[in-house]
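Here's coords33.cif, which has mmCIF, C-alpha atoms and all ligand atoms:
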```
data_query
loop_
_atom_site.group_PDB
_atom_site.id
_atom_site.type_symbol
_atom_site.label_atom_id
_atom_site.label_comp_id
_atom_site.auth_asym_id
_atom_site.auth_seq_id
_atom_site.Cartn_x
_atom_site.Cartn_y
_atom_site.Cartn_z
ATOM 1 C CA MET C 16 -8.690 4.351 8.174
ATOM 2 C CA THR C 17 -5.360 5.965 8.793
ATOM 3 C CA SER C 18 -1.813 4.959 8.120
ATOM 4 C CA ILE C 19 -1.530 4.162 11.851
ATOM 5 C CA LEU C 20 -2.758 0.612 11.441
ATOM 6 C CA ASN C 21 -0.836 -2.591 12.019
ATOM 7 C CA ALA C 22 -1.572 -3.982 8.570
ATOM 8 C CA ASP C 23 0.592 -6.853 7.315
ATOM 9 C CA LEU C 24 -0.330 -7.459 3.686
ATOM 10 C CA HIS C 25 2.460 -9.766 2.502
ATOM 11 C CA CYS C 26 3.451 -13.216 3.815
ATOM 12 C CA HIS C 27 3.710 -16.853 2.749
ATOM 13 C CA SER C 28 2.360 -20.176 4.022
ATOM 14 C CA VAL C 29 3.121 -23.843 3.263
ATOM 15 C CA VAL C 30 0.793 -23.407 0.290
ATOM 16 C CA SER C 31 3.770 -21.740 -1.443
ATOM 17 C CA ASP C 32 7.240 -21.360 0.106
ATOM 18 C CA GLY C 33 6.480 -20.500 3.734
ATOM 19 C CA THR C 34 6.912 -23.011 6.576
ATOM 20 C CA LEU C 35 3.764 -22.221 8.622
ATOM 21 C CA THR C 36 0.152 -23.119 7.845
ATOM 22 C CA PRO C 37 -2.415 -20.364 7.222
ATOM 23 C CA GLU C 38 -3.814 -21.069 10.712
ATOM 24 C CA GLN C 39 -0.380 -20.770 12.373
ATOM 25 C CA LEU C 40 0.226 -17.497 10.527
ATOM 26 C CA ALA C 41 -3.113 -16.053 11.660
ATOM 27 C CA GLU C 42 -2.296 -16.910 15.279
ATOM 28 C CA ARG C 43 1.183 -15.441 14.985
ATOM 29 C CA ALA C 44 -0.171 -12.278 13.347
ATOM 30 C CA LYS C 45 -2.697 -11.886 16.166
ATOM 31 C CA ALA C 46 -0.037 -12.438 18.839
ATOM 32 C CA ASN C 47 2.145 -9.777 17.164
ATOM 33 C CA GLY C 48 -0.649 -7.185 17.166
ATOM 34 C CA VAL C 49 -1.606 -7.302 13.482
ATOM 35 C CA GLU C 50 -5.036 -5.714 12.864
ATOM 36 C CA LEU C 51 -5.447 -6.249 9.115
ATOM 37 C CA TRP C 52 -3.851 -9.250 7.442
ATOM 38 C CA ALA C 53 -3.442 -10.789 3.965
ATOM 39 C CA LEU C 54 -1.854 -14.114 3.034
ATOM 40 C CA THR C 55 -0.056 -13.633 -0.304
ATOM 41 C CA ASP C 56 1.279 -17.000 -1.444
ATOM 42 C CA HIS C 57 3.285 -17.083 -4.675
ATOM 43 C CA ASP C 58 1.028 -17.720 -7.708
ATOM 44 C CA GLU C 59 -1.490 -19.641 -5.609
ATOM 45 C CA ILE C 60 -4.777 -18.879 -3.862
ATOM 46 C CA GLY C 61 -5.383 -22.360 -2.446
ATOM 47 C CA GLY C 62 -4.821 -21.058 1.102
ATOM 48 C CA GLN C 63 -7.282 -18.158 0.916
ATOM 49 C CA ALA C 64 -10.376 -19.830 2.392
ATOM 50 C CA ARG C 65 -8.354 -21.219 5.320
ATOM 51 C CA ALA C 66 -6.636 -17.881 5.914
ATOM 52 C CA ALA C 67 -9.919 -15.951 5.892
ATOM 53 C CA ALA C 68 -11.490 -18.427 8.323
ATOM 54 C CA ALA C 69 -8.442 -18.336 10.606
ATOM 55 C CA ALA C 70 -8.452 -14.532 10.506
ATOM 56 C CA ARG C 71 -12.093 -14.530 11.566
ATOM 57 C CA ALA C 72 -11.379 -17.004 14.372
ATOM 58 C CA ASN C 73 -8.585 -14.735 15.659
ATOM 59 C CA GLY C 74 -10.503 -11.448 15.316
ATOM 60 C CA LEU C 75 -8.290 -10.159 12.482
ATOM 61 C CA LYS C 76 -9.601 -8.172 9.540
ATOM 62 C CA TYR C 77 -8.668 -9.900 6.281
ATOM 63 C CA LEU C 78 -7.990 -9.133 2.609
ATOM 64 C CA THR C 79 -7.530 -11.849 -0.019
ATOM 65 C CA GLY C 80 -4.015 -11.904 -1.435
ATOM 66 C CA ALA C 81 -1.544 -13.407 -3.907
ATOM 67 C CA GLU C 82 1.960 -12.561 -5.083
ATOM 68 C CA ILE C 83 2.140 -13.069 -8.851
ATOM 69 C CA SER C 84 5.467 -13.734 -10.626
ATOM 70 C CA VAL C 85 5.862 -11.512 -13.682
ATOM 71 C CA THR C 86 8.634 -11.164 -16.261
ATOM 72 C CA PHE C 87 9.422 -7.522 -17.051
ATOM 73 C CA ALA C 88 12.472 -6.278 -18.957
ATOM 74 C CA GLY C 89 14.071 -9.705 -18.590
ATOM 75 C CA GLU C 90 13.746 -9.711 -14.782
ATOM 76 C CA THR C 91 11.304 -11.324 -12.396
ATOM 77 C CA VAL C 92 9.021 -8.765 -10.756
ATOM 78 C CA HIS C 93 6.421 -9.600 -8.123
ATOM 79 C CA ILE C 94 2.960 -8.077 -8.223
ATOM 80 C CA VAL C 95 0.834 -8.455 -5.101
ATOM 81 C CA GLY C 96 -2.928 -8.566 -5.565
ATOM 82 C CA LEU C 97 -5.178 -7.604 -2.646
ATOM 83 C CA GLY C 98 -8.939 -7.788 -2.183
ATOM 84 C CA PHE C 99 -9.771 -9.663 -5.422
ATOM 85 C CA ASP C 100 -12.411 -12.371 -5.669
ATOM 86 C CA ALA C 101 -10.408 -15.563 -5.077
ATOM 87 C CA GLU C 102 -13.084 -17.686 -6.736
ATOM 88 C CA ASP C 103 -13.226 -15.756 -9.988
ATOM 89 C CA PRO C 104 -12.251 -18.173 -12.820
ATOM 90 C CA ARG C 105 -10.148 -15.473 -14.526
ATOM 91 C CA MET C 106 -7.857 -15.284 -11.497
ATOM 92 C CA VAL C 107 -7.897 -19.052 -10.924
ATOM 93 C CA GLN C 108 -6.941 -19.835 -14.549
ATOM 94 C CA GLY C 109 -4.351 -17.050 -14.739
ATOM 95 C CA LEU C 110 -2.525 -18.466 -11.726
ATOM 96 C CA ILE C 111 -2.717 -22.038 -13.039
ATOM 97 C CA ASP C 112 -0.998 -20.806 -16.222
ATOM 98 C CA THR C 113 1.625 -18.904 -14.198
ATOM 99 C CA ARG C 114 2.452 -21.977 -12.096
ATOM 100 C CA GLY C 115 2.861 -24.168 -15.187
ATOM 101 C CA GLY C 116 6.527 -24.535 -15.983
ATOM 102 C CA ARG C 117 7.884 -24.579 -12.426
ATOM 103 C CA ASP C 118 8.405 -28.333 -12.500
ATOM 104 C CA LYS C 119 10.382 -28.251 -15.761
ATOM 105 C CA ARG C 120 12.441 -25.335 -14.465
ATOM 106 C CA ALA C 121 13.124 -27.238 -11.219
ATOM 107 C CA HIS C 122 14.511 -30.179 -13.209
ATOM 108 C CA GLU C 123 16.805 -27.783 -15.093
ATOM 109 C CA MET C 124 17.943 -26.217 -11.811
ATOM 110 C CA SER C 125 18.712 -29.697 -10.504
ATOM 111 C CA ASP C 126 20.732 -30.506 -13.656
ATOM 112 C CA GLY C 127 22.736 -27.308 -13.141
ATOM 113 C CA LEU C 128 23.481 -28.237 -9.534
ATOM 114 C CA ALA C 129 24.425 -31.813 -10.528
ATOM 115 C CA LYS C 130 27.136 -30.362 -12.788
ATOM 116 C CA VAL C 131 28.849 -28.882 -9.731
ATOM 117 C CA GLY C 132 28.527 -32.139 -7.798
ATOM 118 C CA ILE C 133 25.216 -31.632 -5.965
ATOM 119 C CA LYS C 134 23.147 -34.722 -6.718
ATOM 120 C CA GLY C 135 19.441 -35.332 -6.212
ATOM 121 C CA ALA C 136 18.488 -31.699 -5.702
ATOM 122 C CA TYR C 137 15.134 -31.995 -7.501
ATOM 123 C CA GLU C 138 14.007 -34.880 -5.309
ATOM 124 C CA GLY C 139 15.442 -33.149 -2.234
ATOM 125 C CA ALA C 140 13.715 -29.838 -2.929
ATOM 126 C CA LEU C 141 10.457 -31.654 -3.562
ATOM 127 C CA THR C 142 10.450 -33.014 -0.015
ATOM 128 C CA PHE C 143 10.311 -29.390 1.214
ATOM 129 C CA ALA C 144 7.555 -28.284 -1.167
ATOM 130 C CA GLY C 145 4.119 -28.433 0.445
ATOM 131 C CA ASN C 146 2.701 -27.905 -3.045
ATOM 132 C CA PRO C 147 4.825 -29.589 -5.763
ATOM 133 C CA GLU C 148 3.319 -27.307 -8.436
ATOM 134 C CA LEU C 149 4.958 -24.387 -6.666
ATOM 135 C CA ILE C 150 8.440 -25.837 -6.274
ATOM 136 C CA SER C 151 10.690 -22.776 -5.949
ATOM 137 C CA ARG C 152 14.248 -21.710 -5.299
ATOM 138 C CA THR C 153 13.359 -21.489 -1.607
ATOM 139 C CA HIS C 154 12.768 -25.258 -1.488
ATOM 140 C CA PHE C 155 16.131 -25.921 -3.160
ATOM 141 C CA ALA C 156 17.727 -23.584 -0.611
ATOM 142 C CA ARG C 157 16.229 -25.535 2.301
ATOM 143 C CA PHE C 158 17.447 -28.828 0.812
ATOM 144 C CA LEU C 159 21.002 -27.502 0.391
ATOM 145 C CA VAL C 160 21.020 -26.346 4.014
ATOM 146 C CA GLU C 161 19.655 -29.667 5.254
ATOM 147 C CA SER C 162 22.248 -31.613 3.265
ATOM 148 C CA GLY C 163 25.047 -29.482 4.733
ATOM 149 C CA VAL C 164 26.164 -27.792 1.506
ATOM 150 C CA CYS C 165 25.528 -24.354 3.045
ATOM 151 C CA THR C 166 24.843 -23.087 6.550
ATOM 152 C CA ASP C 167 21.798 -20.947 5.742
ATOM 153 C CA THR C 168 19.435 -20.199 2.875
ATOM 154 C CA TYR C 169 20.997 -16.791 2.192
ATOM 155 C CA GLU C 170 24.328 -18.484 1.497
ATOM 156 C CA VAL C 171 22.570 -20.901 -0.896
ATOM 157 C CA PHE C 172 21.058 -18.018 -2.877
ATOM 158 C CA ARG C 173 24.385 -16.213 -3.011
ATOM 159 C CA LYS C 174 26.397 -19.225 -4.174
ATOM 160 C CA TYR C 175 23.944 -21.297 -6.185
ATOM 161 C CA LEU C 176 20.572 -19.768 -6.981
ATOM 162 C CA THR C 177 21.055 -16.238 -8.296
ATOM 163 C CA GLU C 178 21.919 -15.077 -11.803
ATOM 164 C CA GLY C 179 25.136 -16.582 -13.126
ATOM 165 C CA LYS C 180 25.243 -19.309 -10.462
ATOM 166 C CA PRO C 181 24.970 -23.062 -11.254
ATOM 167 C CA GLY C 182 21.387 -23.626 -10.060
ATOM 168 C CA TYR C 183 19.899 -20.466 -11.539
ATOM 169 C CA VAL C 184 17.375 -20.945 -14.323
ATOM 170 C CA PRO C 185 15.414 -17.919 -15.500
ATOM 171 C CA HIS C 186 11.796 -18.541 -16.296
ATOM 172 C CA ARG C 187 9.127 -16.744 -18.297
ATOM 173 C CA TRP C 188 6.311 -15.866 -15.858
ATOM 174 C CA ALA C 189 3.068 -13.905 -16.476
ATOM 175 C CA SER C 190 3.164 -10.543 -18.257
ATOM 176 C CA LEU C 191 2.774 -7.352 -16.228
ATOM 177 C CA LYS C 192 -0.404 -6.542 -18.104
ATOM 178 C CA ASP C 193 -1.955 -9.953 -17.462
ATOM 179 C CA ALA C 194 -1.185 -9.939 -13.730
ATOM 180 C CA VAL C 195 -2.540 -6.423 -13.193
ATOM 181 C CA THR C 196 -5.613 -7.232 -15.298
ATOM 182 C CA TRP C 197 -6.434 -10.473 -13.423
ATOM 183 C CA ILE C 198 -6.269 -8.591 -10.137
ATOM 184 C CA THR C 199 -8.251 -5.510 -11.132
ATOM 185 C CA GLN C 200 -10.964 -7.257 -13.146
ATOM 186 C CA THR C 201 -11.709 -9.485 -10.156
ATOM 187 C CA GLY C 202 -12.240 -6.511 -7.839
ATOM 188 C CA GLY C 203 -8.756 -6.161 -6.337
ATOM 189 C CA ILE C 204 -5.908 -3.673 -6.247
ATOM 190 C CA ALA C 205 -2.517 -4.445 -7.825
ATOM 191 C CA VAL C 206 0.593 -3.544 -5.828
ATOM 192 C CA ILE C 207 4.240 -3.535 -6.975
ATOM 193 C CA ALA C 208 6.024 -5.732 -4.409
ATOM 194 C CA HIS C 209 9.365 -4.664 -2.860
ATOM 195 C CA PRO C 210 10.561 -2.420 -5.731
ATOM 196 C CA GLY C 211 13.898 -1.902 -3.971
ATOM 197 C CA ARG C 212 14.822 -5.506 -4.707
ATOM 198 C CA TYR C 213 14.903 -5.324 -8.498
ATOM 199 C CA LYS C 214 18.159 -4.732 -10.293
ATOM 200 C CA PHE C 215 16.732 -2.182 -12.698
ATOM 201 C CA THR C 216 18.332 0.908 -14.157
ATOM 202 C CA ALA C 217 16.507 4.181 -13.441
ATOM 203 C CA ASN C 218 14.949 4.032 -16.921
ATOM 204 C CA GLU C 219 13.728 0.456 -16.474
ATOM 205 C CA GLU C 220 12.259 1.278 -13.072
ATOM 206 C CA TYR C 221 10.474 4.281 -14.559
ATOM 207 C CA ALA C 222 9.088 2.025 -17.307
ATOM 208 C CA LEU C 223 7.895 -0.507 -14.722
ATOM 209 C CA PHE C 224 5.995 2.114 -12.726
ATOM 210 C CA SER C 225 4.496 3.873 -15.747
ATOM 211 C CA GLU C 226 3.409 0.670 -17.501
ATOM 212 C CA PHE C 227 2.036 -0.696 -14.224
ATOM 213 C CA LYS C 228 -0.083 2.444 -13.834
ATOM 214 C CA ALA C 229 -1.200 2.381 -17.452
ATOM 215 C CA HIS C 230 -2.482 -1.191 -16.977
ATOM 216 C CA GLY C 231 -4.514 -0.112 -13.914
ATOM 217 C CA GLY C 232 -2.055 -0.760 -11.058
ATOM 218 C CA ARG C 233 -2.699 1.492 -8.074
ATOM 219 C CA ALA C 234 -0.238 0.837 -5.246
ATOM 220 C CA VAL C 235 3.355 0.053 -4.285
ATOM 221 C CA GLU C 236 4.955 -1.551 -1.234
ATOM 222 C CA VAL C 237 6.821 1.139 0.672
ATOM 223 C CA VAL C 238 7.375 -0.412 4.104
ATOM 224 C CA THR C 239 8.371 -4.060 3.557
ATOM 225 C CA GLY C 240 10.722 -6.558 5.136
ATOM 226 C CA SER C 241 12.682 -6.437 1.869
ATOM 227 C CA HIS C 242 13.472 -2.690 2.132
ATOM 228 C CA THR C 243 15.976 -0.765 4.193
ATOM 229 C CA PRO C 244 14.739 2.327 6.065
ATOM 230 C CA ALA C 245 16.380 4.450 3.342
ATOM 231 C CA GLU C 246 14.244 2.606 0.796
ATOM 232 C CA TYR C 247 11.069 3.397 2.791
ATOM 233 C CA VAL C 248 11.897 7.062 2.159
ATOM 234 C CA GLU C 249 12.890 6.504 -1.463
ATOM 235 C CA TYR C 250 9.737 4.585 -2.393
ATOM 236 C CA ALA C 251 7.455 6.908 -0.404
ATOM 237 C CA ALA C 252 8.657 9.601 -2.813
ATOM 238 C CA VAL C 253 8.126 7.294 -5.821
ATOM 239 C CA ALA C 254 4.573 6.516 -4.607
ATOM 240 C CA LYS C 255 3.802 10.236 -4.525
ATOM 241 C CA GLU C 256 5.483 10.873 -7.870
ATOM 242 C CA PHE C 257 3.313 8.236 -9.570
ATOM 243 C CA GLY C 258 0.148 8.912 -7.571
ATOM 244 C CA LEU C 259 0.137 5.399 -6.093
ATOM 245 C CA ALA C 260 -1.217 4.268 -2.725
ATOM 246 C CA ALA C 261 1.243 2.600 -0.332
ATOM 247 C CA SER C 262 1.302 -0.880 1.187
ATOM 248 C CA ARG C 263 3.020 -2.448 4.171
ATOM 249 C CA GLY C 264 3.991 -6.111 4.608
ATOM 250 C CA SER C 265 6.679 -8.203 6.270
ATOM 251 C CA ASP C 266 7.131 -10.825 3.476
ATOM 252 C CA PHE C 267 7.408 -13.297 6.350
ATOM 253 C CA HIS C 268 8.234 -16.883 5.251
ATOM 254 C CA SER C 269 9.485 -18.752 8.308
ATOM 255 C CA PRO C 270 10.409 -18.224 11.981
ATOM 256 C CA ASP C 271 13.824 -19.775 11.219
ATOM 257 C CA GLU C 272 14.654 -17.793 8.088
ATOM 258 C CA SER C 273 12.862 -14.452 7.966
ATOM 259 C CA HIS C 274 14.494 -11.339 9.427
ATOM 260 C CA THR C 275 11.162 -9.537 9.738
ATOM 261 C CA ASP C 276 8.343 -11.074 11.755
ATOM 262 C CA LEU C 277 4.639 -10.497 11.050
ATOM 263 C CA GLY C 278 3.393 -7.110 12.223
ATOM 264 C CA THR C 279 6.742 -5.721 13.397
ATOM 265 C CA LEU C 280 7.550 -3.132 10.714
ATOM 266 C CA PRO C 281 7.223 0.647 11.248
ATOM 267 C CA TYR C 282 3.915 2.243 10.262
ATOM 268 C CA LEU C 283 3.494 3.751 6.816
ATOM 269 C CA PRO C 284 4.561 7.395 6.554
ATOM 270 C CA GLY C 285 1.497 9.555 7.374
ATOM 271 C CA ASP C 286 1.498 11.543 4.138
ATOM 272 C CA LEU C 287 0.788 8.534 1.898
ATOM 273 C CA THR C 288 -2.571 7.008 1.000
ATOM 274 C CA PRO C 289 -2.657 3.546 2.612
ATOM 275 C CA VAL C 290 -3.754 0.880 0.133
ATOM 276 C CA TRP C 291 -6.358 -0.319 2.664
ATOM 277 C CA GLU C 292 -8.208 2.988 2.224
ATOM 278 C CA LEU C 293 -8.888 1.956 -1.379
ATOM 279 C CA LEU C 294 -9.975 -1.499 -0.229
ATOM 280 C CA ALA C 295 -12.388 -0.574 2.569
ATOM 281 C CA ASP C 296 -15.293 -2.434 0.931
ATOM 282 C CA ARG C 297 -13.184 -5.566 0.290
ATOM 283 C CA ILE C 298 -12.134 -6.129 3.900
ATOM 284 C CA GLN C 299 -13.616 -9.289 5.410
HETATM 285 P P1 LIG C 301 11.366 -18.549 -7.402
HETATM 286 O O1 LIG C 301 9.942 -18.044 -7.521
HETATM 287 O O2 LIG C 301 11.471 -20.026 -7.514
HETATM 288 O O3 LIG C 301 12.302 -17.835 -8.348
HETATM 289 O O4 LIG C 301 11.863 -18.228 -5.895
HETATM 290 C C1 LIG C 301 11.755 -16.931 -5.383
HETATM 291 C C2 LIG C 301 11.743 -16.975 -3.871
HETATM 292 O O5 LIG C 301 13.052 -17.192 -3.401
HETATM 293 C C3 LIG C 301 11.344 -15.622 -3.264
HETATM 294 O O6 LIG C 301 9.957 -15.548 -3.118
HETATM 295 C C4 LIG C 301 12.030 -15.640 -1.929
HETATM 296 O O7 LIG C 301 11.262 -16.363 -1.000
HETATM 297 C C5 LIG C 301 13.287 -16.407 -2.215
HETATM 298 N N1 LIG C 301 14.463 -15.554 -2.546
HETATM 299 C C6 LIG C 301 14.716 -14.927 -3.712
HETATM 300 N N2 LIG C 301 15.927 -14.307 -3.690
HETATM 301 C C7 LIG C 301 16.462 -14.544 -2.471
HETATM 302 C C8 LIG C 301 17.688 -14.197 -1.828
HETATM 303 N N3 LIG C 301 18.630 -13.476 -2.458
HETATM 304 N N4 LIG C 301 17.885 -14.614 -0.566
HETATM 305 C C9 LIG C 301 16.937 -15.370 0.056
HETATM 306 N N5 LIG C 301 15.751 -15.728 -0.493
HETATM 307 C C10 LIG C 301 15.515 -15.333 -1.736
HETATM 308 MN MN MN C 302 9.075 -16.561 -1.360
HETATM 309 MN MN MN C 303 8.533 -11.327 -3.649
HETATM 310 MN MN MN C 304 6.842 -12.571 -0.949
#
```

Go ahead and express the file in the form of C-alpha cells.
Ligand code: AMP
Ligand code: MN
Ligand code: MN
Ligand code: MN
Amino acid sequence: MTSILNADLHCHSVVSDGTLTPEQLAERAKANGVELWALTDHDEIGGQARAAAAARANGLKYLTGAEISVTFAGETVHIVGLGFDAEDPRMVQGLIDTRGGRDKRAHEMSDGLAKVGIKGAYEGALTFAGNPELISRTHFARFLVESGVCTDTYEVFRKYLTEGKPGYVPHRWASLKDAVTWITQTGGIAVIAHPGRYKFTANEEYALFSEFKAHGGRAVEVVTGSHTPAEYVEYAAVAKEFGLAASRGSDFHSPDESHTDLGTLPYLPGDLTPVWELLADRIQ
C-alpha cells in the first residue's frame, strides 16, 4: 500500500469525548472518502466492536485503535495504538488502570472552578460525558459553553482548563513504557500522537522519541488535524531521523467543534513509510 491512501487513523466517539456514535463516524468517514479507518477513543476500547462492524457495513477497511494518556517529563503525552487485539486482557486491564482517577480529578477541577464563581461544574460536565469513567476537560468545556460562561470550547481551554488556569488539574496517567508495551505485546503498533502539540524543549522531545523507540514504539503522527503544514514538514524529518513510520489522522471530535473533518487532510509525504504498511496483516 502506498502513502496515497485516504487513511484516517485518529478520531473520537461518544465512548470518550467525541459527540458522534461509532456508527455515525463510520458513515461520515465513508461519505468523506476515507478508505482505511480507526476509532481511537481516549483510554477506552469499548467502541471497537461497534466501529469494526460499522466499518464493515460501510465497506471501510478498519484497524483497532485507542489513544492512551501518558505522563512524560511532567507533561501529558498521547500514544495512539493501532491494530492491537482489543480483547487481550493486558490491554483491557491497562486501560482500566489508566482511566482510574479521572473522577477524582474531575471533582478537583470542579472545586477549582467553584473558587472563581463557576458552580456545579462536575455535575454539569457529567451530563456531557457519554462514559462517566472518561470524564475529561472536553466535557467541562462543553458545559461552560452551554452555561454561557464562554462562547466556544477553545475559549474555555484558554481561560479555564490549561496549565495555570483555575480548572486545570494535572493528573498522573500511564507511563510511556507501559502504554507502548500494552500496544506492542497485543499485536499492535504504537504511534506518538500529534508531537507538535507538546510544550517540550528540544532535549525533552529528543528524550520522548528515543525512549519511545527503545520501548518498541514504531511510528509518529505526521499529518494530523493538530499540526500546521509547517509541522507536517518538521515531523516528516523527525520520522526519518528516528526511523519511524508515519501516520495520518484528523483527531475529529465533533461536527460543531473540530476544525478538521474525517478524511480531509493532505496525503502523507511520499518518502515516508506509512504506518499501515506495517499493519497490513492487522487490517480488518
Ligand atoms: P483530558 O484528557 O481530560 O486532559 O482532556 C484532553 C482533551 O481535551 C483532548 O483530548 C482534547 O479533546 C481536548 N483539548 C485539550 N487541549 C485543548 C485545547 N487547547 N483546545 C481545545 N481542546 C483541547
Ligand atoms: Mn479528546
Ligand atoms: Mn490527543
Ligand atoms: Mn485525539

Identify all residues satisfying the PyMOL selection byres (((not hetatm)) within 9 of (chain C and resi 303)) in the given file; provide them as a ChimeraX atom specification.
/C:25,57,82-84,92-95,208-209,212,241,266

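Of the residues under consideration (C:Ile298, C:Ala234, C:Ser151, C:Val195), C:Ile298 shows the shortest atom-to-atom contact distance to Leu75 of chain C when counting all atoms listed in the file.
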
Can you translate the PyMOL selection byres (((chain C and resi 24) around 8) and not hetatm) into the concrete residues it hits in this file, as a short mmCIF file (atom, residue, chain, number, x, y, z; two decimals) with C-alpha atoms, in the coordinates of the input?
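To be explicit, this is the file written out as out-v8.cif:
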```
data_model
loop_
_atom_site.label_atom_id
_atom_site.label_comp_id
_atom_site.auth_asym_id
_atom_site.auth_seq_id
_atom_site.Cartn_x
_atom_site.Cartn_y
_atom_site.Cartn_z
CA ALA C 22 -1.57 -3.98 8.57
CA ASP C 23 0.59 -6.85 7.32
CA HIS C 25 2.46 -9.77 2.50
CA CYS C 26 3.45 -13.22 3.82
CA LEU C 51 -5.45 -6.25 9.12
CA TRP C 52 -3.85 -9.25 7.44
CA ALA C 53 -3.44 -10.79 3.96
CA LEU C 54 -1.85 -14.11 3.03
CA THR C 55 -0.06 -13.63 -0.30
CA LEU C 78 -7.99 -9.13 2.61
CA GLY C 80 -4.01 -11.90 -1.44
CA LEU C 97 -5.18 -7.60 -2.65
CA SER C 262 1.30 -0.88 1.19
CA ARG C 263 3.02 -2.45 4.17
CA GLY C 264 3.99 -6.11 4.61
CA SER C 265 6.68 -8.20 6.27
#
```

Nearby residues (all atoms listed in the file) at most 12 Å from Asn218 of chain C, same-chain spacing under 6 positions excluded, as a PyMOL selection string
chain C and resi 88+224-225

Got a sec to resolve the PyMOL selection byres (((chain C and resi 111) around 12) and not hetatm) on this structure and send the residues as a short mmCIF file (atom, residue, chain, number, x, y, z; two decimals) with C-alpha atoms, keeping the file's coordinate frame?
```cif
data_model
loop_
_atom_site.label_atom_id
_atom_site.label_comp_id
_atom_site.auth_asym_id
_atom_site.auth_seq_id
_atom_site.Cartn_x
_atom_site.Cartn_y
_atom_site.Cartn_z
CA HIS C 57 3.28 -17.08 -4.68
CA ASP C 58 1.03 -17.72 -7.71
CA GLU C 59 -1.49 -19.64 -5.61
CA ILE C 60 -4.78 -18.88 -3.86
CA GLY C 61 -5.38 -22.36 -2.45
CA ILE C 83 2.14 -13.07 -8.85
CA SER C 84 5.47 -13.73 -10.63
CA PRO C 104 -12.25 -18.17 -12.82
CA ARG C 105 -10.15 -15.47 -14.53
CA MET C 106 -7.86 -15.28 -11.50
CA VAL C 107 -7.90 -19.05 -10.92
CA GLN C 108 -6.94 -19.84 -14.55
CA GLY C 109 -4.35 -17.05 -14.74
CA LEU C 110 -2.52 -18.47 -11.73
CA ASP C 112 -1.00 -20.81 -16.22
CA THR C 113 1.62 -18.90 -14.20
CA ARG C 114 2.45 -21.98 -12.10
CA GLY C 115 2.86 -24.17 -15.19
CA GLY C 116 6.53 -24.54 -15.98
CA ARG C 117 7.88 -24.58 -12.43
CA GLU C 148 3.32 -27.31 -8.44
CA LEU C 149 4.96 -24.39 -6.67
CA TRP C 188 6.31 -15.87 -15.86
CA ALA C 189 3.07 -13.90 -16.48
#
```

Kindly add N, CA and C atoms to the incomplete segment 244-257 of chain C and provide the output as a tab-separated table (two decimals), in the frame of the given file.
```tsv
chain	number	residue	atom	x	y	z
C	244	PRO	N	15.42	1.08	5.73
C	244	PRO	CA	14.74	2.33	6.06
C	244	PRO	C	14.97	3.42	5.01
C	245	ALA	N	16.14	3.46	4.40
C	245	ALA	CA	16.38	4.45	3.34
C	245	ALA	C	15.45	4.20	2.16
C	246	GLU	N	15.17	2.93	1.90
C	246	GLU	CA	14.24	2.61	0.80
C	246	GLU	C	12.79	2.94	1.14
C	247	TYR	N	12.43	2.93	2.44
C	247	TYR	CA	11.07	3.40	2.79
C	247	TYR	C	10.91	4.83	2.29
C	248	VAL	N	11.94	5.64	2.53
C	248	VAL	CA	11.90	7.06	2.16
C	248	VAL	C	11.89	7.21	0.64
C	249	GLU	N	12.78	6.43	0.00
C	249	GLU	CA	12.89	6.50	-1.46
C	249	GLU	C	11.56	6.15	-2.14
C	250	TYR	N	10.95	5.03	-1.70
C	250	TYR	CA	9.74	4.58	-2.39
C	250	TYR	C	8.48	5.31	-1.91
C	251	ALA	N	8.55	5.99	-0.77
C	251	ALA	CA	7.46	6.91	-0.40
C	251	ALA	C	7.41	8.04	-1.43
C	252	ALA	N	8.59	8.53	-1.81
C	252	ALA	CA	8.66	9.60	-2.81
C	252	ALA	C	8.18	9.09	-4.17
C	253	VAL	N	8.56	7.86	-4.53
C	253	VAL	CA	8.13	7.29	-5.82
C	253	VAL	C	6.60	7.12	-5.82
C	254	ALA	N	6.04	6.68	-4.70
C	254	ALA	CA	4.57	6.52	-4.61
C	254	ALA	C	3.89	7.84	-4.89
C	255	LYS	N	4.42	8.91	-4.31
C	255	LYS	CA	3.80	10.24	-4.53
C	255	LYS	C	3.99	10.68	-5.97
C	256	GLU	N	5.20	10.46	-6.50
C	256	GLU	CA	5.48	10.87	-7.87
C	256	GLU	C	4.50	10.23	-8.85
C	257	PHE	N	4.19	8.95	-8.63
C	257	PHE	CA	3.31	8.24	-9.57
C	257	PHE	C	1.86	8.23	-9.14
```
